[in-house]
Amino acid sequence: MTEPLSPEPPSDIGRTLLTQSWLDLGFVHWEADPELVQRLLPAGTAPDLLDGRTYVGLVAFRMHRIGWLGLPGVPYFGTFPETNVRLYSVDEHGRRGVVFRSLDASRLLPVVVARTAFRLPYLWSRMSIRREGDVLTYTARRRWPGPRGASSRLSIRIGERIAEPTELEHFVTARWGLHNDWLGRRLYLPNAHPRWPLHRAELLACEDELLGAAGFEPAAPAVSVLYSPGVPVRFGPPAGAR
C-alpha cells in the first residue's frame, strides 16, 4: 500500500546523518511518459502516479552549509548552486521518493564525495544564481564528467504565496526520501524538513540541455512552476529493502 501523500514530514527518520539547507528554489515540472520513466528507475521501484500521470522536474537552488553527524555546516565547500533533474518513484513497500537523473553542482569536492559514497549522479558544473527584484535566474554549464558543455538557463518571476497548495504541488515537493542503487543494493535515504513555504511563479525563460542529457525532451509547456525561499533539511541513515 502506497503511503499517503502528505506535506508534513515523517515523525522519525532515525539518527541525523546529514544536515543542509535548500534556499531560493525554483521548481519546474513537465508531464513524463510513465513507460519511459519506468526504464530509468532503480529495480524495485515504479513511477509514482497522480491521476495516472507522472512528472519530470528541473529543480534549481542554493545548497547551504552541508554538515555531517551534528557538526556545523561547512561554509565554502558545503555551499554552492545546484540544479537537478528528478523523477518521482514508489517502492514495493509503498515508500514515495525521488530518483535523480542528474545533479549539477559547482563544487568539485562534494561532487566527488557524493558520487563515491552514495553513487549519486552528481556532475561538476560552472553555475550561478542571480536575483533582481522578484526575478531569479539560474545558470549551469557542465564541466565533468559530461556531456561536457551541456547547459541550462532558467529564469522565474516569484508570485504570490500559496496558502493551500494543490495536490499536484504537494506531489512534486513533499518528498521524504530518495531511491538509489548502491553497489547493487537498493537504498532509501529518508529526509525531514519543515513544511514547504511555496509561491507560484512565472517561467520567463528555460533554455535547457540538462533534461535532454537525462533522457527527456518535453514537447509540451511546463505544467507547474513554483518558488520556495527554502527549508533546513535533515537526512537519516539509509534503509535497504525491508
# chains A, B, ... in the order shown; residues from 1 in each chain; ligands from 1

$ residues_around --residues "Pro237 (chain A)" --least-positions-apart "5" --cutoff "9 Å" --atoms "only C-alpha atoms" --output "PyMOL selection string"
chain A and resi 13-18+188-190

$ residues_around --residues "Glu82 (chain A)" --least-positions-apart "3" --cutoff "7 Å" --atoms "only C-alpha atoms" --output "VMD selection string"
chain A and resid 60 to 63 103 to 106

$ select_by_dssp --residues "region 72-236 of chain A" --states "strand (DSSP E or B)" --output "ChimeraX atom specification"
/A:80-91,96-105,122-132,135-144,151-161,177-182,185-192,199-208,224-235

$ write_last_selection --atoms "C-alpha atoms" --output "compact mmCIF listing (two decimals), in the first residue's frame"
# COMPACT_ATOMS: atom_id res chain seq x y z
CA PHE A 80 27.00 26.12 -3.77
CA PRO A 81 24.38 26.36 -6.55
CA GLU A 82 22.80 23.10 -7.66
CA THR A 83 20.36 22.06 -10.39
CA ASN A 84 18.85 18.59 -10.56
CA VAL A 85 16.68 16.57 -12.90
CA ARG A 86 14.45 14.27 -10.91
CA LEU A 87 11.69 11.70 -11.22
CA TYR A 88 9.04 10.51 -8.76
CA SER A 89 9.10 6.94 -7.51
CA VAL A 90 7.42 4.50 -5.17
CA ASP A 91 8.91 1.22 -3.96
CA ARG A 96 7.34 7.53 -2.00
CA GLY A 97 10.55 9.24 -3.08
CA VAL A 98 12.59 10.85 -5.80
CA VAL A 99 15.11 9.40 -8.21
CA PHE A 100 17.77 11.75 -9.51
CA ARG A 101 18.79 11.53 -13.15
CA SER A 102 21.43 14.23 -12.66
CA LEU A 103 22.58 16.69 -10.01
CA ASP A 104 24.79 19.52 -11.27
CA ALA A 105 26.78 21.35 -8.59
CA TYR A 122 26.45 14.38 -9.32
CA LEU A 123 28.24 16.38 -12.01
CA TRP A 124 30.62 19.32 -11.74
CA SER A 125 29.37 22.46 -13.47
CA ARG A 126 30.04 26.17 -13.68
CA MET A 127 26.93 27.73 -12.09
CA SER A 128 25.39 30.97 -10.87
CA ILE A 129 22.21 32.26 -9.21
CA ARG A 130 21.26 35.89 -9.75
CA ARG A 131 18.32 37.74 -8.22
CA GLU A 132 16.95 41.05 -9.46
CA VAL A 135 13.21 37.55 -10.78
CA LEU A 136 15.65 34.69 -10.21
CA THR A 137 17.97 33.36 -12.92
CA TYR A 138 19.85 30.07 -12.54
CA THR A 139 22.63 29.12 -15.00
CA ALA A 140 24.74 25.99 -15.37
CA ARG A 141 27.33 24.69 -17.84
CA ARG A 142 28.60 21.17 -17.29
CA ARG A 143 32.34 20.51 -16.83
CA TRP A 144 32.73 16.87 -15.73
CA SER A 151 23.94 23.97 -20.23
CA SER A 152 20.83 25.39 -18.58
CA ARG A 153 19.43 28.88 -18.13
CA LEU A 154 16.26 29.07 -16.07
CA SER A 155 14.54 32.33 -15.16
CA ILE A 156 11.41 32.68 -12.99
CA ARG A 157 9.37 35.55 -11.55
CA ILE A 158 8.20 34.93 -7.97
CA GLY A 159 4.44 35.27 -7.47
CA GLU A 160 2.03 35.13 -4.56
CA ARG A 161 2.44 32.90 -1.52
CA GLY A 177 13.22 10.23 0.75
CA LEU A 178 15.21 9.21 -2.30
CA HIS A 179 15.60 5.85 -4.00
CA ASN A 180 19.00 4.82 -5.32
CA ASP A 181 21.12 1.81 -6.26
CA TRP A 182 24.28 1.42 -4.19
CA ARG A 185 21.73 -2.82 -3.30
CA ARG A 186 18.51 -0.80 -3.22
CA LEU A 187 18.64 2.06 -0.74
CA TYR A 188 16.08 4.52 0.56
CA LEU A 189 17.54 7.67 2.16
CA PRO A 190 14.91 9.44 4.33
CA ASN A 191 14.78 13.18 4.98
CA ALA A 192 12.73 15.59 7.05
CA HIS A 199 4.91 30.59 -4.05
CA ARG A 200 3.54 30.26 -7.54
CA ALA A 201 5.96 31.51 -10.17
CA GLU A 202 6.06 32.52 -13.82
CA LEU A 203 8.54 30.81 -16.13
CA LEU A 204 10.25 33.64 -18.02
CA ALA A 205 12.96 31.60 -19.77
CA CYS A 206 14.01 27.96 -19.99
CA GLU A 207 16.93 27.27 -22.29
CA ASP A 208 17.89 23.84 -21.05
CA SER A 224 3.85 23.59 -12.70
CA VAL A 225 6.26 26.42 -11.82
CA LEU A 226 6.93 27.12 -8.14
CA TYR A 227 9.34 29.03 -5.92
CA SER A 228 10.31 28.50 -2.29
CA PRO A 229 12.62 30.60 -0.10
CA GLY A 230 13.79 27.28 1.34
CA VAL A 231 13.95 24.94 4.31
CA PRO A 232 16.55 23.39 6.65
CA VAL A 233 16.86 19.64 5.99
CA ARG A 234 17.96 16.55 7.92
CA PHE A 235 18.79 13.17 6.38

$ select_by_dssp --residues "region 201-238 of chain A" --states "alpha helix (DSSP H)" --output "ChimeraX atom specification"
/A:210-213

$ write_last_selection --atoms "N, CA, C and O atoms" --output "JSON list (two decimals), in the first residue's frame"
[["chain", "number", "residue", "atom", "x", "y", "z"],
["A", 210, "LEU", "N", 19.95, 20.07, -19.89],
["A", 210, "LEU", "CA", 20.12, 19.05, -18.86],
["A", 210, "LEU", "C", 19.02, 18.00, -18.92],
["A", 210, "LEU", "O", 19.27, 16.80, -18.70],
["A", 211, "LEU", "N", 17.79, 18.42, -19.22],
["A", 211, "LEU", "CA", 16.70, 17.45, -19.39],
["A", 211, "LEU", "C", 17.01, 16.50, -20.54],
["A", 211, "LEU", "O", 16.84, 15.28, -20.41],
["A", 212, "GLY", "N", 17.47, 17.04, -21.67],
["A", 212, "GLY", "CA", 17.80, 16.18, -22.80],
["A", 212, "GLY", "C", 18.92, 15.21, -22.48],
["A", 212, "GLY", "O", 18.86, 14.04, -22.86],
["A", 213, "ALA", "N", 19.94, 15.68, -21.75],
["A", 213, "ALA", "CA", 21.04, 14.80, -21.36],
["A", 213, "ALA", "C", 20.56, 13.70, -20.43],
["A", 213, "ALA", "O", 21.17, 12.62, -20.37]]

$ atom_distance --atom1 "CA of Pro110 (chain A)" --atom2 "CA of Ile66 (chain A)"
9.3 Å

$ closest_residue --among "A:Arg53, A:Thr45, A:Asp12, A:Ala174" --to "Asp33 (chain A)" --atoms "only C-alpha atoms"
A:Arg53

$ atom_distance --atom1 "CA of Gly78 (chain A)" --atom2 "CA of Leu58 (chain A)"
21.3 Å

$ residues_around --residues "Ala219 (chain A)" --least-positions-apart "6" --cutoff "10 Å" --atoms "only C-alpha atoms" --output "list in words"
Trp30, Glu31 and Ala32 of chain A
